[in-house]
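Source file: entry28.txt (compact mmCIF, C-alpha atoms)
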# COMPACT_ATOMS: atom_id res chain seq x y z
CA MET A 1 14.88 4.94 -101.29
CA THR A 2 11.34 4.30 -100.17
CA ASP A 3 9.51 6.72 -97.89
CA ARG A 4 10.00 4.23 -95.07
CA GLU A 5 13.77 4.18 -95.59
CA ILE A 6 13.90 7.99 -95.73
CA PHE A 7 11.79 8.16 -92.58
CA TYR A 8 14.34 6.17 -90.59
CA ARG A 9 17.45 7.61 -92.25
CA HIS A 10 16.73 11.32 -92.55
CA LEU A 11 13.98 12.31 -90.09
CA GLY A 12 14.86 13.27 -86.57
CA LEU A 13 12.66 11.01 -84.45
CA PRO A 14 11.66 11.35 -80.79
CA SER A 15 11.65 7.59 -80.20
CA PHE A 16 12.99 4.32 -81.59
CA ASN A 17 9.51 2.81 -81.20
CA ALA A 18 7.53 4.50 -83.96
CA MET A 19 4.13 3.05 -84.85
CA ASP A 20 5.58 2.57 -88.34
CA LEU A 21 2.36 2.96 -90.33
CA GLU A 22 2.55 4.55 -93.77
CA ILE A 23 -0.73 6.42 -94.17
CA VAL A 24 -1.66 7.81 -97.59
CA LYS A 25 -5.14 9.16 -96.85
CA ALA A 26 -7.33 10.15 -93.92
CA ASP A 27 -11.03 10.86 -93.81
CA GLY A 28 -13.39 11.19 -90.84
CA ILE A 29 -12.11 8.72 -88.27
CA TRP A 30 -10.34 6.56 -90.87
CA PHE A 31 -6.74 6.17 -92.01
CA TYR A 32 -5.76 4.25 -95.16
CA ASP A 33 -2.34 2.74 -95.83
CA ARG A 34 -0.67 1.95 -99.16
CA THR A 35 -2.35 -1.45 -99.36
CA GLY A 36 -5.80 0.07 -98.84
CA LYS A 37 -6.15 -1.28 -95.29
CA LYS A 38 -8.39 0.87 -93.07
CA PHE A 39 -7.50 1.89 -89.55
CA MET A 40 -9.76 3.62 -87.03
CA ASP A 41 -8.07 6.66 -85.52
CA LEU A 42 -9.12 6.29 -81.91
CA VAL A 43 -6.78 8.96 -80.54
CA SER A 44 -7.56 11.86 -82.94
CA GLY A 45 -3.89 12.48 -83.63
CA ILE A 46 -3.62 13.00 -79.84
CA THR A 47 -6.83 15.06 -79.52
CA VAL A 48 -6.16 17.22 -82.57
CA SER A 49 -8.83 15.98 -84.96
CA ASN A 50 -11.90 16.60 -82.80
CA VAL A 51 -13.99 17.31 -85.91
CA GLY A 52 -12.47 14.35 -87.75
CA HIS A 53 -9.93 14.29 -90.53
CA ARG A 54 -10.55 16.55 -93.49
CA HIS A 55 -14.02 17.70 -92.50
CA PRO A 56 -15.57 19.17 -95.69
CA LYS A 57 -16.22 22.56 -94.05
CA VAL A 58 -12.64 22.77 -92.85
CA ILE A 59 -11.26 21.83 -96.25
CA GLN A 60 -13.50 24.42 -97.89
CA ALA A 61 -12.29 27.13 -95.50
CA ILE A 62 -8.66 26.23 -96.16
CA SER A 63 -9.21 26.31 -99.92
CA GLU A 64 -10.96 29.67 -99.81
CA GLN A 65 -8.16 31.18 -97.73
CA THR A 66 -5.36 29.83 -99.95
CA ASP A 67 -7.05 31.63 -102.85
CA LYS A 68 -6.56 34.92 -100.94
CA TYR A 69 -3.18 34.90 -99.22
CA LEU A 70 -0.82 32.83 -97.09
CA HIS A 71 1.76 34.42 -94.79
CA LEU A 72 1.93 38.21 -95.04
CA ASN A 73 4.03 39.51 -92.17
CA VAL A 74 4.99 38.64 -88.61
CA TYR A 75 2.06 38.19 -86.24
CA GLY A 76 0.52 41.38 -84.91
CA GLU A 77 1.65 43.75 -87.67
CA PHE A 78 -1.15 43.47 -90.25
CA ILE A 79 -4.90 43.25 -89.73
CA GLN A 80 -5.68 39.82 -91.16
CA SER A 81 -9.31 38.79 -91.44
CA PRO A 82 -8.94 35.12 -90.35
CA GLN A 83 -7.10 36.13 -87.18
CA VAL A 84 -9.60 38.85 -86.34
CA LYS A 85 -12.63 36.63 -86.97
CA LEU A 86 -11.20 33.74 -84.99
CA ALA A 87 -10.36 35.98 -82.03
CA LYS A 88 -13.88 37.36 -82.06
CA LYS A 89 -15.32 33.83 -82.25
CA LEU A 90 -13.25 32.56 -79.34
CA VAL A 91 -14.01 35.57 -77.15
CA SER A 92 -17.74 35.14 -77.83
CA LEU A 93 -17.52 31.63 -76.37
CA LEU A 94 -15.59 32.64 -73.25
CA PRO A 95 -16.33 34.59 -70.05
CA GLU A 96 -15.94 38.34 -70.44
CA THR A 97 -12.61 38.46 -68.59
CA LEU A 98 -11.01 36.23 -71.23
CA ASN A 99 -11.24 38.78 -74.00
CA ASN A 100 -7.78 39.06 -75.54
CA VAL A 101 -6.16 36.39 -77.73
CA PHE A 102 -2.50 35.94 -78.66
CA PHE A 103 -2.05 33.40 -81.46
CA VAL A 104 0.96 31.09 -81.68
CA ASN A 105 1.78 27.84 -83.48
CA SER A 106 1.52 25.08 -80.89
CA GLY A 107 0.68 24.06 -77.35
CA SER A 108 4.23 24.41 -76.09
CA GLU A 109 4.35 27.93 -77.48
CA ALA A 110 1.04 28.76 -75.83
CA ILE A 111 2.47 27.65 -72.50
CA GLU A 112 5.70 29.59 -73.04
CA GLY A 113 3.79 32.77 -73.80
CA SER A 114 1.48 32.21 -70.84
CA LEU A 115 4.37 31.77 -68.41
CA LYS A 116 6.02 34.97 -69.62
CA LEU A 117 2.71 36.80 -69.37
CA ALA A 118 2.12 35.66 -65.77
CA LYS A 119 5.61 36.70 -64.70
CA ARG A 120 5.40 40.01 -66.52
CA TYR A 121 1.99 40.98 -65.13
CA THR A 122 2.61 39.95 -61.52
CA GLY A 123 6.27 40.90 -61.28
CA ARG A 124 6.84 37.57 -59.54
CA SER A 125 8.96 34.60 -60.59
CA GLY A 126 7.55 31.61 -58.70
CA ILE A 127 5.52 29.03 -60.61
CA ILE A 128 3.54 26.11 -59.18
CA SER A 129 2.73 23.08 -61.32
CA PHE A 130 1.71 19.50 -60.63
CA TYR A 131 3.29 16.10 -60.65
CA ASN A 132 2.20 13.98 -63.64
CA ALA A 133 1.21 17.05 -65.66
CA TYR A 134 2.45 17.42 -69.23
CA HIS A 135 2.81 20.92 -70.66
CA GLY A 136 5.23 20.56 -73.58
CA SER A 137 8.84 19.93 -74.55
CA THR A 138 10.44 23.36 -74.88
CA HIS A 139 12.65 24.49 -72.02
CA GLY A 140 10.00 26.52 -70.20
CA SER A 141 7.15 24.08 -70.71
CA LEU A 142 9.41 21.15 -69.82
CA SER A 143 10.38 22.94 -66.61
CA ILE A 144 6.78 22.78 -65.36
CA THR A 145 6.08 19.27 -66.68
CA GLY A 146 5.63 16.90 -63.77
CA ASN A 147 7.80 13.94 -64.70
CA GLU A 148 11.46 13.86 -63.80
CA SER A 149 12.47 11.19 -66.33
CA LEU A 150 11.72 13.60 -69.19
CA LYS A 151 13.68 16.44 -67.59
CA ASN A 152 16.90 15.10 -66.11
CA ALA A 153 18.91 15.13 -69.32
CA TYR A 154 18.13 18.82 -69.96
CA ARG A 155 18.84 20.43 -66.61
CA PRO A 156 19.31 23.17 -65.58
CA LEU A 157 15.82 24.26 -66.51
CA LEU A 158 13.82 27.28 -65.34
CA PRO A 159 14.39 28.24 -61.70
CA GLY A 160 11.57 29.04 -59.33
CA ILE A 161 9.43 26.02 -60.21
CA ARG A 162 7.76 24.02 -57.46
CA GLN A 163 5.63 20.97 -58.10
CA ILE A 164 2.86 19.71 -55.86
CA GLU A 165 0.47 16.78 -55.78
CA PHE A 166 -2.75 16.96 -57.76
CA ASN A 167 -5.85 16.87 -55.53
CA ASN A 168 -3.78 17.10 -52.32
CA LEU A 169 -5.26 19.95 -50.28
CA SER A 170 -2.31 20.21 -47.90
CA HIS A 171 0.03 20.97 -50.80
CA LEU A 172 -1.81 24.21 -51.61
CA GLU A 173 0.27 25.84 -48.88
CA ALA A 174 3.07 25.97 -51.46
CA ILE A 175 1.19 28.81 -53.18
CA THR A 176 2.55 32.03 -51.67
CA SER A 177 2.76 35.75 -52.35
CA ASP A 178 5.92 35.01 -54.38
CA THR A 179 3.97 32.85 -56.83
CA ALA A 180 3.23 34.33 -60.25
CA CYS A 181 0.87 31.57 -61.36
CA VAL A 182 -0.39 28.08 -60.77
CA VAL A 183 -0.42 25.97 -63.94
CA LEU A 184 -3.01 23.22 -63.99
CA GLU A 185 -5.19 20.97 -66.08
CA THR A 186 -8.70 20.17 -64.93
CA VAL A 187 -8.06 16.68 -66.30
CA GLN A 188 -4.50 15.41 -66.20
CA ALA A 189 -4.43 13.68 -69.57
CA GLU A 190 -0.97 12.13 -69.60
CA ALA A 191 -1.54 10.80 -66.08
CA GLY A 192 -4.18 8.57 -67.66
CA ILE A 193 -7.30 10.79 -67.37
CA VAL A 194 -7.30 11.94 -63.77
CA SER A 195 -9.89 14.61 -63.03
CA ILE A 196 -9.52 17.40 -60.52
CA HIS A 197 -11.70 17.19 -57.39
CA GLN A 198 -14.21 19.98 -56.94
CA GLU A 199 -13.12 20.68 -53.36
CA PHE A 200 -9.51 20.92 -54.48
CA ILE A 201 -10.15 23.39 -57.29
CA ASP A 202 -12.42 25.44 -55.02
CA CYS A 203 -9.68 25.73 -52.41
CA LEU A 204 -7.00 26.38 -55.04
CA VAL A 205 -9.02 29.21 -56.58
CA LYS A 206 -9.67 30.80 -53.19
CA ARG A 207 -6.01 30.71 -52.22
CA CYS A 208 -4.93 32.14 -55.58
CA ARG A 209 -7.48 34.96 -55.35
CA ASP A 210 -6.47 35.78 -51.78
CA LEU A 211 -2.78 35.97 -52.74
CA LYS A 212 -3.34 37.59 -56.17
CA VAL A 213 -1.81 34.59 -57.92
CA LEU A 214 -2.85 33.96 -61.53
CA ILE A 215 -4.45 30.68 -62.57
CA LEU A 216 -3.09 29.38 -65.87
CA LEU A 217 -5.24 26.62 -67.30
CA ASP A 218 -3.66 24.28 -69.83
CA ASP A 219 -6.69 23.20 -71.87
CA ILE A 220 -4.58 22.05 -74.79
CA GLN A 221 -5.64 18.40 -74.74
CA MET A 222 -9.00 18.59 -73.01
CA GLY A 223 -10.44 21.80 -74.43
CA LEU A 224 -12.61 22.44 -77.48
CA GLY A 225 -15.26 19.85 -76.81
CA ARG A 226 -13.29 16.85 -75.59
CA THR A 227 -15.00 16.89 -72.16
CA GLY A 228 -18.45 17.77 -73.49
CA LYS A 229 -18.01 21.48 -72.84
CA MET A 230 -16.22 23.87 -75.16
CA PHE A 231 -13.66 24.48 -72.39
CA SER A 232 -12.99 22.08 -69.55
CA PHE A 233 -13.15 24.69 -66.77
CA GLU A 234 -16.88 25.08 -67.46
CA HIS A 235 -17.46 21.83 -65.55
CA PHE A 236 -15.89 23.20 -62.38
CA GLY A 237 -17.29 26.67 -61.84
CA PHE A 238 -14.17 28.80 -62.05
CA ILE A 239 -12.56 31.08 -64.63
CA PRO A 240 -8.82 30.99 -65.25
CA ASP A 241 -6.81 34.17 -65.64
CA ILE A 242 -4.91 32.74 -68.61
CA LEU A 243 -6.16 29.97 -70.90
CA ALA A 244 -3.80 28.00 -73.16
CA LEU A 245 -5.23 26.24 -76.23
CA ALA A 246 -3.81 24.31 -79.19
CA LYS A 247 -4.24 20.79 -80.68
CA ALA A 248 -7.92 20.74 -81.74
CA LEU A 249 -7.97 24.52 -82.13
CA GLY A 250 -6.67 24.36 -85.70
CA ALA A 251 -9.04 21.53 -86.75
CA GLY A 252 -6.03 19.68 -88.18
CA MET A 253 -3.85 22.71 -88.89
CA PRO A 254 -1.04 23.93 -86.58
CA LEU A 255 -2.34 26.61 -84.24
CA GLY A 256 -2.13 27.57 -80.59
CA ALA A 257 -3.31 30.50 -78.49
CA PHE A 258 -3.14 31.95 -75.03
CA ILE A 259 -6.05 34.06 -73.88
CA SER A 260 -6.40 36.51 -71.01
CA SER A 261 -7.87 39.91 -70.21
CA LYS A 262 -6.79 42.97 -72.15
CA GLU A 263 -5.37 44.44 -68.95
CA ILE A 264 -3.09 41.45 -68.44
CA MET A 265 -2.24 40.82 -72.09
CA GLU A 266 -1.20 44.36 -72.95
CA THR A 267 1.72 44.16 -70.50
CA LEU A 268 3.55 42.25 -73.26
CA ALA A 269 3.50 45.39 -75.41
CA TYR A 270 5.71 47.65 -73.29
CA ASN A 271 8.78 47.56 -71.01
CA PRO A 272 9.90 45.97 -73.24
CA GLU A 273 8.00 46.44 -76.45
CA LEU A 274 7.67 43.16 -78.36
CA GLY A 275 7.55 41.25 -75.08
CA HIS A 276 6.37 38.17 -76.94
CA ILE A 277 6.64 37.74 -80.70
CA THR A 278 6.12 35.04 -83.30
CA THR A 279 6.59 34.91 -87.06
CA PHE A 280 4.00 32.31 -88.04
CA GLY A 281 1.63 32.43 -85.06
CA GLY A 282 -1.98 32.79 -86.20
CA HIS A 283 -1.19 31.72 -89.74
CA PRO A 284 -4.20 32.82 -91.84
CA VAL A 285 -4.84 29.35 -93.25
CA SER A 286 -4.76 27.80 -89.78
CA CYS A 287 -7.09 30.49 -88.45
CA ALA A 288 -9.53 29.94 -91.31
CA ALA A 289 -9.54 26.21 -90.54
CA ALA A 290 -10.08 26.94 -86.84
CA ILE A 291 -13.14 29.10 -87.51
CA ALA A 292 -14.64 26.30 -89.57
CA GLY A 293 -13.79 23.76 -86.87
CA LEU A 294 -15.54 25.80 -84.19
CA ASP A 295 -18.56 26.17 -86.45
CA VAL A 296 -18.68 22.39 -86.90
CA LEU A 297 -18.50 21.78 -83.15
CA LEU A 298 -21.45 24.11 -82.62
CA SER A 299 -23.62 23.51 -85.68
CA GLU A 300 -23.42 19.72 -85.53
CA ASN A 301 -24.05 19.66 -81.75
CA LEU A 302 -20.93 17.56 -81.23
CA LEU A 303 -20.52 18.75 -77.65
CA GLY A 304 -23.96 17.50 -76.73
CA GLN A 305 -23.08 14.02 -77.96
CA VAL A 306 -19.79 13.64 -76.11
CA ALA A 307 -21.04 12.24 -72.81
CA GLY A 308 -23.26 9.62 -74.45
CA LYS A 309 -20.54 8.45 -76.81
CA GLY A 310 -18.05 8.27 -73.96
CA ARG A 311 -20.43 6.18 -71.86
CA ILE A 312 -20.83 3.67 -74.69
CA LEU A 313 -17.07 3.12 -74.82
CA GLU A 314 -16.82 2.94 -71.04
CA GLU A 315 -19.63 0.40 -70.73
CA LYS A 316 -18.54 -1.83 -73.60
CA LEU A 317 -14.83 -1.88 -72.78
CA GLY A 318 -14.93 -1.69 -69.01
CA HIS A 319 -15.72 -5.32 -68.31
CA HIS A 320 -12.99 -7.11 -70.22
CA PRO A 321 -10.92 -9.27 -67.82
CA GLY A 322 -7.67 -7.93 -69.28
CA PHE A 323 -8.53 -4.40 -68.17
CA SER A 324 -8.35 -3.41 -64.51
CA ALA A 325 -9.85 0.10 -64.51
CA VAL A 326 -11.42 2.71 -66.77
CA ARG A 327 -11.33 6.47 -66.16
CA ARG A 328 -13.26 8.81 -68.42
CA ALA A 329 -13.70 12.53 -68.98
CA GLY A 330 -16.15 13.13 -71.80
CA LEU A 331 -14.83 11.32 -74.85
CA ALA A 332 -11.36 10.65 -73.43
CA LEU A 333 -10.70 7.35 -71.69
CA GLY A 334 -7.75 5.90 -69.84
CA ILE A 335 -7.95 2.10 -69.62
CA ASP A 336 -5.50 0.22 -67.40
CA LEU A 337 -4.10 -3.15 -68.39
CA LYS A 338 -3.99 -5.75 -65.64
CA ASN A 339 -0.70 -7.08 -66.97
CA GLN A 340 1.69 -4.35 -68.10
CA ASP A 341 4.04 -6.97 -69.60
CA LYS A 342 1.47 -7.59 -72.34
CA LYS A 343 1.38 -3.94 -73.39
CA GLU A 344 3.41 -4.24 -76.59
CA HIS A 345 1.59 -7.40 -77.64
CA PHE A 346 -1.73 -5.65 -77.13
CA MET A 347 -0.61 -2.61 -79.12
CA ARG A 348 0.52 -4.77 -82.05
CA SER A 349 -2.71 -6.72 -81.91
CA ALA A 350 -4.80 -3.53 -81.92
CA ILE A 351 -2.98 -2.28 -85.01
CA GLY A 352 -3.47 -5.68 -86.60
CA HIS A 353 -7.20 -5.29 -86.00
CA GLY A 354 -7.14 -1.81 -87.51
CA ALA A 355 -7.45 0.19 -84.27
CA ILE A 356 -5.04 3.05 -83.56
CA ILE A 357 -4.58 3.48 -79.81
CA ASP A 358 -1.77 5.04 -77.81
CA TRP A 359 -0.27 5.09 -74.32
CA TYR A 360 -0.25 7.86 -71.77
CA MET A 361 3.19 9.27 -71.00
CA PHE A 362 3.02 9.04 -67.23
CA ARG A 363 0.88 5.92 -66.85
CA PRO A 364 2.59 3.35 -69.05
CA ALA A 365 0.11 0.53 -68.41
CA THR A 366 -2.81 2.70 -69.52
CA PHE A 367 -3.97 3.09 -73.10
CA ARG A 368 -5.65 6.09 -74.64
CA ILE A 369 -9.05 6.17 -76.35
CA ALA A 370 -10.01 9.64 -77.61
CA PRO A 371 -11.66 9.34 -81.02
CA PRO A 372 -12.86 12.25 -83.12
CA LEU A 373 -16.04 13.70 -81.66
CA THR A 374 -17.68 13.02 -85.02
CA ILE A 375 -17.54 9.26 -84.50
CA THR A 376 -20.94 7.69 -85.26
CA PRO A 377 -22.81 5.08 -83.18
CA ASP A 378 -21.97 2.40 -85.75
CA GLU A 379 -18.32 3.40 -85.68
CA LEU A 380 -18.33 3.31 -81.88
CA GLU A 381 -19.65 -0.23 -82.02
CA GLU A 382 -17.00 -1.24 -84.54
CA ALA A 383 -14.27 0.43 -82.49
CA CYS A 384 -15.27 -1.60 -79.43
CA GLN A 385 -15.30 -4.79 -81.47
CA ARG A 386 -11.80 -4.14 -82.79
CA ILE A 387 -10.37 -3.29 -79.36
CA LEU A 388 -12.01 -6.27 -77.70
CA ALA A 389 -10.80 -8.59 -80.46
CA ALA A 390 -7.27 -7.34 -79.83
CA ALA A 391 -7.73 -7.82 -76.08
CA HIS A 392 -9.03 -11.37 -76.52
CA GLU A 393 -6.06 -12.15 -78.75
CA SER A 394 -3.32 -10.63 -76.64
CA LEU A 395 -4.44 -10.39 -73.02
CA GLU A 396 -6.02 -13.73 -72.22

Same coordinates, now as structure tokens:
Amino acid sequence: MTDREIFYRHLGLPSFNAMDLEIVKADGIWFYDRTGKKFMDLVSGITVSNVGHRHPKVIQAISEQTDKYLHLNVYGEFIQSPQVKLAKKLVSLLPETLNNVFFVNSGSEAIEGSLKLAKRYTGRSGIISFYNAYHGSTHGSLSITGNESLKNAYRPLLPGIRQIEFNNLSHLEAITSDTACVVLETVQAEAGIVSIHQEFIDCLVKRCRDLKVLILLDDIQMGLGRTGKMFSFEHFGFIPDILALAKALGAGMPLGAFISSKEIMETLAYNPELGHITTFGGHPVSCAAAIAGLDVLLSENLLGQVAGKGRILEEKLGHHPGFSAVRRAGLALGIDLKNQDKKEHFMRSAIGHGAIIDWYMFRPATFRIAPPLTITPDELEEACQRILAAAHESLE
């Protein structure tokens, strides 16, 4: 059987509508299929490849670590240099209250650990999350995800969850002294790039502080440079109590983390001991890659280029008659189609023109543009040409 036949016969798939591309190589922002055709990755593997695919410094770090050791023991038992160095690096980039890192494998796991931590530290069970927020697919993370169509088939889920409207000040009354944490994104990615209002976050923070409710920030999609800051909360003048990271953290390798203060985090170590455990969390190869990825973000000044690159995309794509609106946060764009019925035709046309785009889960007429932060000015120009060619072909 061919790889394609095996793919459809023996892989468990989350959808019957796979993109169906057979990629044999990736480099920078480029994918290559078996025929040698080039595709521009304009979604970064869903905001994973912020430093591009196979960045030389990341590959070097992976190679050097594989020459030393792979998995040694379950997370937290041995002192492993990549984990220690990465924790130190992350803490150096964060406010002093976010000084303790627990490594896991993915974003969903980071959310699961964060929820347990909030409940354990506060002794409360209530959790507030937001409609149109996406936090993962495991039972706990799905429970706080704000879209009922994803959840109905798996109920009952976690009790004690209440969802409120993003940017609706009156809904903040739902936060009470029974609430362990409020889980939020500063930019709701899967809603199609919807940013939090400053007044709303200011009022949310005040209410949480008054009631001693923890703020859990899911920065899994929008952290690590995507907004132009290393962490998205830096735009809004507040500090979360717990920060969840993944996706771009591993620079292409699987890695997640939740970060808090030592006071909060150490409650997972007693009553009961081993309050949260993982076998492969903080895998040394993934941690080595992550250190290199952070170094690339900083040494190549990628964060300082984000806003300008995002504006180029916004300006060049925003005026096409087939598009009705553009929302942008840094180098992440949500572009609405005027005619949702042409969505599939547009997607096929974009692939035909060698542009990989994607759709937001909770805004089905909106397509995603979030290229690697390493994209060059010439590549930005070419990306716009390919998308506009697809739009001219399929939307007019």

Go ahead and find all residues with at least one atom no further than 12 Å from (-7.0, 33.2, -54.6) in the file's coordinates, using all atoms listed in the file; report them as a ChimeraX atom specification. /A:172-173,175-177,179-182,201-215,238-241

Which of these residues is nearest to Ala246 in chain A, using all atoms listed in the file: A:Ser49, A:Ser81, A:Gln385, A:Ser394? A:Ser49

Please provide as a list in words all residues within 8 Å of Lys57 in chain A, with the sequence filter that same-chain residues fewer than 2 positions apart are discarded (counting only C-alpha atoms). His55, Ile59, Gln60, Ala61, Ala292, Gly293 and Val296 of chain A

Given the selection you just returned, output its residues as a file containing C-alpha atoms, formatted as a compact mmCIF listing (two decimals), in the frame of the given file.
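What ended up in again.txt:
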# COMPACT_ATOMS: atom_id res chain seq x y z
CA HIS A 55 -14.02 17.70 -92.50
CA ILE A 59 -11.26 21.83 -96.25
CA GLN A 60 -13.50 24.42 -97.89
CA ALA A 61 -12.29 27.13 -95.50
CA ALA A 292 -14.64 26.30 -89.57
CA GLY A 293 -13.79 23.76 -86.87
CA VAL A 296 -18.68 22.39 -86.90

10 Å contact set for Thr227 in chain A, all atoms listed in the file, chain neighbours under 5 positions out, as a PyMOL selection string: chain A and resi 187+221-222+232-235+303+306-307+310+328-332

Within 10 Å of Asp336 in chain A, counting only C-alpha atoms, which residues show up once you throw out same-chain ones fewer than 6 positions away? Write them as an MDAnalysis selection string, please. chainID A and resid 192 318 322:327 359 363:368

Store the residues picked out above, limited to C-alpha atoms, as a CSV table (one decimal), in the coordinates of the input.
chain,number,residue,atom,x,y,z
A,192,GLY,CA,-4.2,8.6,-67.7
A,318,GLY,CA,-14.9,-1.7,-69.0
A,322,GLY,CA,-7.7,-7.9,-69.3
A,323,PHE,CA,-8.5,-4.4,-68.2
A,324,SER,CA,-8.4,-3.4,-64.5
A,325,ALA,CA,-9.8,0.1,-64.5
A,326,VAL,CA,-11.4,2.7,-66.8
A,327,ARG,CA,-11.3,6.5,-66.2
A,359,TRP,CA,-0.3,5.1,-74.3
A,363,ARG,CA,0.9,5.9,-66.8
A,364,PRO,CA,2.6,3.4,-69.0
A,365,ALA,CA,0.1,0.5,-68.4
A,366,THR,CA,-2.8,2.7,-69.5
A,367,PHE,CA,-4.0,3.1,-73.1
A,368,ARG,CA,-5.6,6.1,-74.6

May I ask which of the residues A:Ala26, A:Ile335, A:Ile375, A:Leu184 is the closest one to His319 in chain A, counting all atoms listed in the file?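 Smallest distance to His319 in chain A is found for A:Ile335.
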
Expressed in Å to a single decimal, how great is the separation between CA of Thr279 in chain A and CA of Glu185 in chain A?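 Computed distance, CA of Thr279 in chain A to CA of Glu185 in chain A, equals 27.8 Å.
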
Box along x, y and z, 6 Å on every side, all listed atoms of range 230-245 of chain A inside: centre and edge lengths in Å to one decimal, as lines of an AutoDock Vina configuration file.
center_x = -10.6
center_y = 28.0
center_z = -69.0
size_x = 25.7
size_y = 24.3
size_z = 26.4

What is the distance, in Å and to one decimal place, between CA of Ala355 in chain A and CA of Asp341 in chain A?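 Separating CA of Ala355 in chain A from CA of Asp341 in chain A is a distance of 20.0 Å.
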
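CA of Glu300 in chain A to CA of Ile259 in chain A spans 25.4 Å [interatomic distance, one decimal].
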
Residue with smallest distance to Asp295 in chain A - pool A:Gly223, A:Pro377, A:Pro56, A:Pro159, counting all atoms listed in the file: A:Pro56

Considering only C-alpha atoms, state which residue in the set A:Thr145, A:Gln340, A:Ser195, A:Thr97 is at the smallest distance from Ser260 in chain A.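 Using only C-alpha atoms, Ser260 in chain A sits closest to A:Thr97.
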
Within-7 Å shell of (-1.7, 36.7, -79.4) in input frame, all atoms listed in the file, as a ChimeraX atom specification: /A:101-104,257-258

Of the candidates A:Ile220, A:Glu109, A:Met265, A:Gly354, which one gets nearest to Ala383 in chain A if we count only C-alpha atoms?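 Using only C-alpha atoms, the shortest distance to Ala383 in chain A belongs to A:Gly354.
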
Restricting the calculation to all atoms listed in the file, which member of A:Glu314, A:Phe362, A:Leu337, A:Glu344 is positioned closest to Glu381 in chain A? A:Glu314
